[in-house]
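Structure data follow from my_file.txt (compact mmCIF, C-alpha atoms):
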# COMPACT_ATOMS: atom_id res chain seq x y z
CA MET A 6 164.02 146.39 138.14
CA THR A 7 165.71 142.99 138.09
CA THR A 8 168.32 142.22 135.46
CA LEU A 9 167.98 138.47 135.87
CA THR A 10 166.81 136.33 132.97
CA PRO A 11 163.46 134.49 133.22
CA ASP A 12 165.30 131.23 133.85
CA GLU A 13 167.41 132.80 136.58
CA MET A 14 164.32 134.23 138.29
CA TYR A 15 162.62 130.84 138.11
CA THR A 16 165.68 129.11 139.57
CA PHE A 17 165.93 131.68 142.38
CA VAL A 18 162.33 131.10 143.44
CA GLU A 19 162.49 127.32 142.98
CA ALA A 20 165.48 127.10 145.32
CA ARG A 21 163.62 128.97 148.06
CA GLU A 22 160.08 127.59 147.86
CA SER A 23 159.03 124.60 149.92
CA GLY A 24 158.71 121.05 148.72
CA ALA A 25 154.93 121.50 148.79
CA ARG A 26 154.83 123.46 145.51
CA THR A 27 152.88 121.65 142.81
CA TYR A 28 151.72 123.56 139.72
CA ALA A 29 155.08 125.31 139.40
CA ASN A 30 156.80 121.94 139.14
CA ALA A 31 154.57 120.90 136.25
CA PHE A 32 154.91 124.18 134.31
CA GLY A 33 158.60 124.62 135.05
CA LYS A 34 158.79 128.15 133.65
CA LEU A 35 158.36 131.77 134.66
CA LEU A 36 154.78 132.84 133.96
CA ALA A 37 155.08 136.33 132.51
CA GLU A 38 151.64 137.46 131.31
CA GLY A 39 148.13 136.36 130.47
CA HIS A 40 145.12 137.57 128.52
CA GLY A 41 141.87 135.65 128.29
CA ALA A 42 142.63 131.97 127.81
CA ARG A 43 146.23 132.70 126.78
CA ILE A 44 149.42 132.94 128.79
CA ARG A 45 153.07 133.54 127.91
CA ASP A 46 156.20 132.39 129.66
CA GLY A 47 159.26 134.54 130.24
CA HIS A 48 160.65 133.66 126.83
CA GLY A 49 157.50 134.81 125.03
CA ARG A 50 156.16 131.35 124.23
CA GLY A 51 152.38 131.17 124.28
CA TYR A 52 150.12 128.53 125.79
CA LEU A 53 146.39 127.86 125.87
CA ASP A 54 145.54 127.92 129.58
CA CYS A 55 143.08 125.17 130.43
CA LEU A 56 144.02 125.27 134.10
CA ALA A 57 142.90 128.86 134.79
CA ALA A 58 144.36 128.87 138.32
CA ALA A 59 142.48 125.65 139.20
CA GLY A 60 139.24 127.19 137.90
CA THR A 61 139.64 130.50 139.71
CA LEU A 62 139.90 132.63 136.55
CA ALA A 63 136.39 132.16 135.19
CA LEU A 64 136.88 135.15 132.87
CA GLY A 65 140.46 134.27 132.07
CA HIS A 66 143.45 136.50 132.65
CA ASN A 67 143.12 140.27 132.93
CA HIS A 68 139.53 140.70 131.81
CA PRO A 69 139.16 144.41 130.95
CA ASP A 70 135.89 144.88 132.84
CA VAL A 71 137.35 143.38 136.01
CA LEU A 72 140.52 145.46 135.68
CA ALA A 73 138.46 148.61 135.15
CA ALA A 74 136.31 147.94 138.23
CA VAL A 75 139.35 147.27 140.41
CA GLY A 76 141.25 150.28 139.07
CA GLU A 77 138.32 152.59 139.71
CA TYR A 78 137.93 151.22 143.23
CA LEU A 79 141.60 151.61 144.10
CA THR A 80 141.49 155.31 143.25
CA SER A 81 138.08 155.98 144.80
CA GLY A 82 139.24 156.53 148.37
CA GLN A 83 137.14 153.65 149.67
CA VAL A 84 138.76 151.31 152.17
CA GLN A 85 140.88 148.50 150.78
CA GLN A 86 140.44 146.23 153.82
CA ALA A 87 137.67 146.42 156.40
CA LEU A 88 137.67 143.22 158.51
CA ASP A 89 133.94 142.40 158.58
CA LEU A 90 132.68 145.98 158.60
CA THR A 91 129.87 146.82 156.20
CA THR A 92 130.92 148.66 153.05
CA PRO A 93 129.23 149.55 149.75
CA ALA A 94 131.35 146.86 148.08
CA LYS A 95 130.04 144.20 150.44
CA TYR A 96 126.45 145.34 149.98
CA GLU A 97 126.63 145.32 146.18
CA TYR A 98 128.35 141.94 146.09
CA LEU A 99 125.88 140.23 148.41
CA ARG A 100 122.91 141.71 146.58
CA ALA A 101 124.21 140.27 143.29
CA LEU A 102 125.17 136.92 144.80
CA TYR A 103 121.85 136.36 146.54
CA ALA A 104 120.03 137.03 143.27
CA LYS A 105 121.79 133.93 141.94
CA LEU A 106 120.71 131.56 144.72
CA PRO A 107 118.04 129.12 143.53
CA GLY A 108 114.71 128.27 145.13
CA THR A 109 114.12 129.59 148.62
CA MET A 110 117.81 129.98 149.45
CA ALA A 111 117.92 133.74 148.91
CA ASP A 112 115.18 134.17 151.51
CA THR A 113 116.61 131.81 154.12
CA PHE A 114 120.39 131.84 153.84
CA LYS A 115 122.98 133.69 155.91
CA THR A 116 126.57 134.48 154.92
CA GLN A 117 129.89 134.11 156.70
CA PHE A 118 132.81 135.83 154.98
CA CYS A 119 135.80 133.59 155.61
CA GLY A 120 139.55 133.85 155.20
CA PRO A 121 140.65 134.30 151.58
CA ALA A 122 141.09 130.60 150.73
CA GLY A 123 138.29 128.11 150.10
CA THR A 124 139.62 125.77 152.76
CA ASP A 125 138.56 128.29 155.42
CA ALA A 126 134.97 128.02 154.21
CA THR A 127 135.24 124.29 154.90
CA GLU A 128 136.64 124.96 158.37
CA ALA A 129 133.86 127.44 159.07
CA ALA A 130 131.20 124.94 158.03
CA ILE A 131 132.69 122.18 160.19
CA LYS A 132 132.71 124.50 163.17
CA LEU A 133 129.23 125.94 162.55
CA PHE A 134 127.43 122.63 162.15
CA LYS A 135 129.15 121.02 165.11
CA ILE A 136 128.04 123.97 167.25
CA ALA A 137 124.53 124.12 165.79
CA THR A 138 123.81 120.39 166.09
CA GLY A 139 125.89 119.53 169.15
CA ARG A 140 127.27 116.53 167.24
CA ARG A 141 130.89 115.64 166.54
CA THR A 142 130.86 113.26 163.54
CA VAL A 143 131.33 114.53 159.99
CA ILE A 144 130.72 112.57 156.77
CA SER A 145 132.62 113.03 153.51
CA PHE A 146 133.17 110.83 150.44
CA HIS A 147 135.86 108.82 148.72
CA GLY A 148 137.70 111.06 146.26
CA ALA A 149 136.64 114.25 148.03
CA TYR A 150 138.76 117.38 148.13
CA HIS A 151 137.79 120.11 150.60
CA GLY A 152 141.08 121.87 151.29
CA MET A 153 144.43 121.48 153.01
CA THR A 154 143.96 122.96 156.48
CA ALA A 155 143.56 120.48 159.31
CA GLY A 156 139.80 119.95 159.35
CA ALA A 157 139.42 120.23 155.58
CA LEU A 158 142.27 117.77 155.04
CA ALA A 159 140.54 115.29 157.33
CA LEU A 160 137.52 115.46 155.02
CA THR A 161 139.66 115.04 151.89
CA GLY A 162 139.93 111.58 150.36
CA ASN A 163 143.41 111.67 148.87
CA LEU A 164 145.86 109.96 151.19
CA GLY A 165 149.00 111.55 149.78
CA ALA A 166 148.86 114.69 151.93
CA LYS A 167 147.42 112.89 154.97
CA GLU A 168 149.72 109.94 155.58
CA SER A 169 152.63 112.00 156.91
CA VAL A 170 150.49 114.08 159.28
CA PRO A 171 150.55 112.51 162.77
CA SER A 172 147.04 113.62 163.75
CA LEU A 173 143.95 114.92 161.97
CA MET A 174 140.44 115.89 163.09
CA PRO A 175 138.75 112.77 164.53
CA ASP A 176 135.24 111.41 163.87
CA VAL A 177 135.43 111.82 160.09
CA HIS A 178 134.06 109.00 157.94
CA HIS A 179 134.28 108.61 154.17
CA LEU A 180 131.50 106.93 152.19
CA PRO A 181 131.44 105.65 148.59
CA TYR A 182 130.92 108.30 145.89
CA PRO A 183 129.13 107.33 142.63
CA TYR A 184 132.19 106.80 140.41
CA ASP A 185 130.60 104.83 137.59
CA TYR A 186 133.80 103.87 135.74
CA ARG A 187 135.17 102.32 138.93
CA CYS A 188 131.94 101.66 140.83
CA PRO A 189 132.79 101.00 144.50
CA PHE A 190 130.15 98.26 144.53
CA GLY A 191 131.34 96.66 141.31
CA ILE A 192 127.98 96.98 139.55
CA GLY A 193 127.78 100.45 137.95
CA GLY A 194 124.84 102.24 136.30
CA GLU A 195 121.48 102.73 137.97
CA ALA A 196 122.09 99.70 140.16
CA GLY A 197 125.27 101.31 141.49
CA ILE A 198 123.40 104.52 142.32
CA ARG A 199 120.71 102.58 144.20
CA ALA A 200 123.31 100.54 146.05
CA GLY A 201 125.17 103.67 147.09
CA LEU A 202 122.07 105.37 148.45
CA THR A 203 120.95 102.21 150.23
CA TYR A 204 124.37 101.90 151.83
CA ILE A 205 124.29 105.51 153.05
CA GLU A 206 120.78 105.20 154.45
CA ARG A 207 121.51 101.91 156.23
CA LEU A 208 124.74 103.28 157.70
CA LEU A 209 123.04 106.41 159.01
CA THR A 210 120.12 104.50 160.55
CA ASP A 211 121.87 101.37 161.83
CA PRO A 212 122.34 101.54 165.62
CA GLU A 213 125.31 99.17 165.21
CA SER A 214 127.04 101.09 162.39
CA GLY A 215 129.66 102.49 164.77
CA ILE A 216 129.06 106.00 163.44
CA THR A 217 127.15 108.49 165.56
CA LYS A 218 124.67 110.86 163.96
CA PRO A 219 126.69 113.37 161.89
CA ALA A 220 126.88 117.10 162.39
CA ALA A 221 126.97 117.41 158.58
CA VAL A 222 127.55 115.62 155.30
CA PHE A 223 130.00 117.32 152.92
CA VAL A 224 129.82 116.56 149.20
CA GLU A 225 130.85 117.92 145.80
CA ALA A 226 128.26 117.78 143.01
CA VAL A 227 131.23 117.34 140.69
CA GLN A 228 134.41 116.09 142.29
CA GLY A 229 137.29 118.15 140.91
CA GLU A 230 140.65 117.14 142.35
CA GLY A 231 139.23 113.63 142.77
CA GLY A 232 139.17 113.19 138.99
CA VAL A 233 136.28 115.28 137.61
CA ILE A 234 133.49 112.90 138.59
CA PRO A 235 129.96 114.33 138.28
CA ALA A 236 127.48 112.90 140.75
CA PRO A 237 124.32 111.68 138.99
CA ALA A 238 121.36 113.98 139.65
CA ALA A 239 119.35 111.04 140.97
CA TRP A 240 122.07 110.25 143.51
CA LEU A 241 122.20 113.86 144.75
CA ARG A 242 118.41 113.94 145.08
CA GLY A 243 118.52 110.69 147.03
CA LEU A 244 121.27 111.99 149.30
CA ARG A 245 119.28 115.19 149.95
CA GLU A 246 116.15 113.17 150.76
CA ILE A 247 118.00 110.94 153.21
CA THR A 248 119.81 113.76 155.01
CA ALA A 249 116.67 115.91 155.21
CA ARG A 250 114.60 113.05 156.59
CA LEU A 251 117.25 112.24 159.19
CA ASP A 252 117.83 115.90 160.13
CA ILE A 253 121.46 115.91 158.97
CA PRO A 254 122.75 119.14 157.36
CA LEU A 255 123.95 118.73 153.76
CA VAL A 256 126.90 120.94 152.73
CA LEU A 257 127.62 121.36 149.01
CA ASP A 258 131.21 122.26 148.18
CA GLU A 259 130.94 124.50 145.10
CA ILE A 260 134.42 126.00 145.46
CA GLN A 261 135.61 124.73 142.09
CA ALA A 262 132.39 123.77 140.29
CA GLY A 263 130.36 126.89 141.11
CA PHE A 264 129.86 130.20 139.31
CA GLY A 265 128.84 128.75 135.96
CA ARG A 266 131.64 126.28 135.33
CA THR A 267 129.37 123.29 134.81
CA GLY A 268 126.81 125.12 132.66
CA THR A 269 124.61 126.16 135.59
CA MET A 270 125.40 128.78 138.21
CA TRP A 271 125.80 126.04 140.82
CA ALA A 272 126.68 122.45 139.97
CA PHE A 273 123.98 121.12 142.32
CA GLU A 274 121.25 122.95 140.39
CA GLU A 275 121.05 120.14 137.83
CA SER A 276 119.55 117.92 140.52
CA GLY A 277 117.00 120.51 141.69
CA ILE A 278 117.97 120.19 145.35
CA GLU A 279 118.46 122.86 148.00
CA PRO A 280 121.33 122.09 150.38
CA ASP A 281 121.71 123.43 153.90
CA ALA A 282 124.99 125.16 153.09
CA VAL A 283 127.22 126.04 150.14
CA LEU A 284 130.99 126.56 150.18
CA VAL A 285 132.13 129.31 147.80
CA SER A 286 135.55 130.52 146.67
CA LYS A 287 137.83 130.45 143.56
CA ALA A 288 135.80 132.19 140.80
CA ALA A 289 133.75 134.04 143.44
CA GLY A 290 136.36 136.80 143.68
CA GLY A 291 136.80 137.53 140.00
CA GLY A 292 140.41 136.34 140.21
CA PHE A 293 141.12 137.79 143.66
CA PRO A 294 141.06 135.84 146.97
CA LEU A 295 137.55 135.46 148.40
CA SER A 296 135.81 132.74 150.38
CA LEU A 297 132.28 132.48 151.77
CA LEU A 298 130.07 130.06 153.64
CA LEU A 299 126.38 130.36 152.74
CA TYR A 300 124.04 128.50 155.07
CA HIS A 301 120.42 128.22 156.17
CA GLY A 302 119.64 130.74 158.90
CA LYS A 303 118.19 128.09 161.21
CA TYR A 304 121.76 126.92 161.87
CA ASP A 305 123.07 130.38 162.79
CA ALA A 306 124.23 129.37 166.27
CA TRP A 307 127.37 131.50 166.22
CA THR A 308 128.14 134.28 168.69
CA PRO A 309 130.26 137.32 167.70
CA GLY A 310 133.85 136.34 166.97
CA ALA A 311 133.09 132.61 166.68
CA HIS A 312 134.80 132.55 163.28
CA ALA A 313 137.09 135.47 162.54
CA GLY A 314 139.93 136.38 160.20
CA THR A 315 141.73 139.55 159.15
CA PHE A 316 141.13 139.24 155.42
CA ARG A 317 137.55 137.97 155.44
CA GLY A 318 135.49 139.89 152.92
CA ASN A 319 138.48 141.15 150.91
CA GLN A 320 137.15 144.44 149.49
CA ILE A 321 139.07 144.29 146.21
CA ALA A 322 137.85 140.74 145.63
CA LEU A 323 134.27 141.86 146.30
CA VAL A 324 134.60 144.53 143.62
CA ALA A 325 136.26 142.16 141.15
CA GLY A 326 133.76 139.40 141.91
CA LEU A 327 130.82 141.73 141.32
CA ALA A 328 132.29 142.81 137.98
CA ALA A 329 132.82 139.16 137.02
CA MET A 330 129.21 138.26 137.88
CA ARG A 331 127.97 141.14 135.75
CA VAL A 332 130.10 140.09 132.78
CA THR A 333 129.04 136.47 133.17
CA GLU A 334 125.39 137.49 133.10
CA SER A 335 125.55 140.13 130.36
CA GLU A 336 127.51 137.86 128.01
CA GLY A 337 125.48 134.74 128.80
CA LEU A 338 128.63 132.85 129.74
CA ILE A 339 126.86 130.22 131.83
CA GLU A 340 124.60 129.21 128.96
CA LYS A 341 127.59 129.32 126.62
CA ALA A 342 129.54 127.09 129.01
CA ALA A 343 126.84 124.44 128.63
CA ALA A 344 127.01 124.68 124.82
CA LYS A 345 130.83 124.62 124.81
CA GLY A 346 130.65 121.56 127.03
CA GLU A 347 128.75 119.76 124.29
CA LEU A 348 131.49 120.67 121.80
CA ILE A 349 134.19 119.43 124.19
CA ALA A 350 132.28 116.19 124.76
CA THR A 351 132.14 115.61 121.00
CA LEU A 352 135.82 116.35 120.42
CA LEU A 353 137.04 114.32 123.39
CA GLY A 354 134.71 111.48 122.41
CA ARG A 355 136.40 111.34 119.02
CA LEU A 356 139.79 111.21 120.71
CA ALA A 357 138.65 108.40 123.00
CA ALA A 358 137.40 106.38 120.04
CA GLY A 359 140.87 106.40 118.50
CA HIS A 360 143.00 106.07 121.61
CA PRO A 361 142.52 102.99 123.81
CA GLU A 362 144.61 104.64 126.55
CA ILE A 363 141.58 106.85 127.25
CA GLY A 364 139.44 104.85 129.64
CA GLN A 365 136.67 107.43 130.11
CA VAL A 366 135.83 111.02 129.26
CA ARG A 367 133.50 112.74 131.71
CA GLY A 368 132.41 116.19 132.78
CA ARG A 369 129.93 119.02 132.37
CA GLY A 370 130.20 122.50 130.92
CA LEU A 371 133.83 123.59 131.11
CA MET A 372 134.97 121.02 133.66
CA TRP A 373 136.27 117.80 132.09
CA GLY A 374 138.35 114.79 132.98
CA ILE A 375 140.10 112.28 130.73
CA GLU A 376 140.99 109.10 132.59
CA ILE A 377 144.18 107.53 131.24
CA VAL A 378 144.48 103.76 131.52
CA ASP A 379 146.80 100.93 130.58
CA PRO A 380 145.13 99.38 127.51
CA ALA A 381 147.20 96.22 127.93
CA GLY A 382 146.27 95.78 131.59
CA PRO A 383 143.67 93.40 133.04
CA ALA A 384 140.10 94.71 133.06
CA ASP A 385 137.99 94.52 136.20
CA ARG A 386 134.52 92.97 136.36
CA LEU A 387 133.03 96.15 134.84
CA GLY A 388 135.54 96.18 131.98
CA SER A 389 137.48 99.14 133.38
CA LEU A 390 141.23 99.10 132.79
CA PRO A 391 143.96 99.94 135.35
CA ALA A 392 144.70 103.62 135.88
CA ASP A 393 148.01 104.71 134.33
CA GLY A 394 149.30 107.73 136.22
CA ALA A 395 152.77 107.52 134.66
CA ARG A 396 151.34 107.75 131.15
CA ALA A 397 149.06 110.63 132.21
CA LYS A 398 152.09 112.50 133.48
CA ARG A 399 153.88 112.02 130.17
CA ILE A 400 150.83 113.20 128.24
CA LYS A 401 150.54 116.27 130.45
CA ARG A 402 154.16 117.15 129.73
CA ALA A 403 153.64 116.56 126.01
CA CYS A 404 150.60 118.85 126.09
CA LEU A 405 152.83 121.59 127.45
CA ASP A 406 155.26 120.99 124.58
CA HIS A 407 152.33 121.53 122.21
CA GLY A 408 151.25 124.75 123.92
CA LEU A 409 148.50 123.45 126.20
CA LEU A 410 148.50 123.88 129.99
CA LEU A 411 146.32 121.50 131.97
CA GLU A 412 146.49 119.57 135.22
CA SER A 413 146.10 115.99 136.37
CA GLY A 414 144.38 114.47 139.37
CA GLY A 415 142.17 111.60 140.43
CA ARG A 416 143.27 108.16 141.52
CA HIS A 417 146.99 107.62 140.88
CA GLY A 418 147.10 111.03 139.15
CA ALA A 419 145.68 109.34 136.04
CA VAL A 420 143.01 111.90 135.10
CA LEU A 421 143.87 114.82 132.81
CA ARG A 422 141.76 117.75 133.98
CA LEU A 423 140.46 120.60 131.81
CA LEU A 424 139.29 123.79 133.53
CA PRO A 425 139.39 126.45 130.79
CA PRO A 426 137.97 129.92 131.46
CA LEU A 427 134.36 130.55 130.52
CA VAL A 428 135.58 132.99 127.85
CA ILE A 429 137.36 130.29 125.85
CA THR A 430 136.26 130.35 122.20
CA ASP A 431 135.14 127.45 120.03
CA GLU A 432 138.30 127.91 117.99
CA GLU A 433 140.41 127.60 121.13
CA ILE A 434 138.49 124.47 122.14
CA HIS A 435 139.38 122.91 118.77
CA GLU A 436 142.99 123.99 119.37
CA MET A 437 142.88 122.33 122.79
CA ALA A 438 141.66 119.05 121.31
CA ALA A 439 144.31 119.18 118.57
CA ALA A 440 147.09 119.66 121.13
CA LEU A 441 145.72 116.79 123.19
CA GLU A 442 145.72 114.53 120.15
CA LYS A 443 149.32 115.39 119.34
CA ALA A 444 150.30 114.67 122.93
CA LEU A 445 148.49 111.32 122.89
CA ILE A 446 150.28 110.35 119.68
CA ASP A 447 153.63 111.38 121.16
CA CYS A 448 153.03 109.18 124.19
CA ALA A 449 151.47 106.17 122.44
Go through the file and emit its structure as structure tokens.
Amino acid sequence: MTTLTPDEMYTFVEARESGARTYANAFGKLLAEGHGARIRDGHGRGYLDCLAAAGTLALGHNHPDVLAAVGEYLTSGQVQQALDLTTPAKYEYLRALYAKLPGTMADTFKTQFCGPAGTDATEAAIKLFKIATGRRTVISFHGAYHGMTAGALALTGNLGAKESVPSLMPDVHHLPYPYDYRCPFGIGGEAGIRAGLTYIERLLTDPESGITKPAAVFVEAVQGEGGVIPAPAAWLRGLREITARLDIPLVLDEIQAGFGRTGTMWAFEESGIEPDAVLVSKAAGGGFPLSLLLYHGKYDAWTPGAHAGTFRGNQIALVAGLAAMRVTESEGLIEKAAAKGELIATLLGRLAAGHPEIGQVRGRGLMWGIEIVDPAGPADRLGSLPADGARAKRIKRACLDHGLLLESGGRHGAVLRLLPPLVITDEEIHEMAAALEKALIDCA
């Protein structure tokens, strides 16, 4: 057992980790323990965790039912890793997961268990749809985040991680996403939605567009890392209609927004569409690494070994994920997430009314973004103020001082992002809002 202090352990690790570390830099402490929506650092100080491992911990830290299921499995004699062999854990997990697919998807979809990170589900989908369609072009959107491996990074909008990489996957094109506060067409509202859909349709049908027919279109129903931007249901329905009519597969990235976070099992459900594929990870494994690609069987053009990986179908994650799905259903956590989202909207709306540095509050369920702006800056033609990433960073640090852990993202890092676990209580939501208010006052 180490005799080092928490600060010494933190310093030891910090000196040896790469410059790519991110969340550790913001927290700046040894994370010692967690229960539910609460964590403690090495000195025993408590925090309300509204990051939840970037949305992975849907049931918070150390949920007893998940721990019990994993503990029982580990002592059962069943295999702990199995490549892609069939096991009881895989059967039970898939049976539960397919029961949660809407519409006809449970009857038509196939599954590819991917490597343990969500980015491998993106890579698998890129590969599958290029093979199945024989096409090479892939479409993504401004503000998108689909992972950090080579193909997924090419689909991602943020330039920060891309500019220093000499070469990325070619034939990727990014289209405007319906970001109402900063409408890419400068018009906003319903007119902005119509303009966006018209632009997409014209681009995909114009023989002089310079873009060949895509192998797939990748989209998030709610952009997460891009600044918590929910796509309007009408826009998603329009995008589905266009891609279906033009025989272009539509891939919904539900890695962060899925499994109840937005108040429905899948974020795309609000629009009533059925995509051709769904990317799944984060909360899917009940806190353990798991990643899947779900896709319509008509695109199953793979031959054995076409997409492999040692840790695909992590058995412990399958057991934990099954336990998490059962808890989510038995405790009605998805429906509660929708109701808690209404409470968060009310509380954040009150904060916005009293703090001009809040440009917009947006989100659904337990996935919210607070865009921080410069209230003294020049407004654009829509009345939107300049993003203020420096102020957002100060507010994030002040939140930590007041016992609240959250993250930032979006353009210029100016969006404070809230991803609390589904088990967060109303009292903790009020505590979250109070800490935010104190931080805003500190940084005024």
List every protein, DNA or RNA residue with an atom no more than 7 Å from (132.4, 125.2, 134.8) in the file's coordinates, counting all atoms listed in the file, and format the result as a PyMOL selection string. chain A and resi 262-263+265-268+342+370-372
Exercise: A:Leu409 partners within 9 Å, all atoms listed in the file, chain neighbours under 5 positions left out, as a list in words: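 My reading of the contact set: Gly51, Tyr52, Leu53, Asp54, Cys55, Lys401, Ala403, Cys404, Glu436, Met437, Ala440 and Leu441 of chain A.
In this model, the gap between atom CA of A:Ala101 and atom CA of A:Asn67 comes to 21.6 Å.
Among the candidates A:His360, A:Arg416, A:Ile198, A:Gly408, the residue lying nearest to A:Gly49 is A:Gly408 (atoms considered: all atoms listed in the file).
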Within 9 Å of file point (132.7, 144.4, 140.9), counting only C-alpha atoms, expressed as a count of residues only: 21
Can you tell me which residues surround stretch 105-109 of chain A at a distance of at most 9 Å, considering all atoms listed in the file, apart from same-chain residues fewer than 4 positions away, and format the answer as a ChimeraX atom specification? /A:101,113-114,270-271,274,277-279
Counting all atoms listed in the file, what are the residues of stretch 136-172 of chain A within 7 Å of stretch 223-246 of chain A, and for each of them which pair of atoms is the nearest and at what distance in Å, to one decimal? Sort the table by chain and rising number, as CSV.
residue,atom,partner,partner_atom,distance
A:Ile144,CA,A:Phe223,CA,6.2
A:Ser145,CA,A:Phe223,CA,5.1
A:Phe146,CA,A:Val224,CA,6.8
A:Gly148,CA,A:Gly231,CA,4.6
A:Ala149,CA,A:Gly231,CA,5.9
A:Tyr150,CA,A:Glu230,CA,6.1
To one decimal in Å, tell me the separation between atom CA of A:Ala31 and atom CA of A:Ala397.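 Calculated distance between atom CA of A:Ala31 and atom CA of A:Ala397 is 12.3 Å.
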Measuring between all atoms listed in the file, which one of A:Lys287, A:Arg100, A:Arg386, A:Arg250 shows the shortest distance to A:Phe264? A:Lys287
Closest of A:Ala439, A:Ala59, A:Asp258, A:His48 to A:Thr27, counting all atoms listed in the file, is A:Ala59
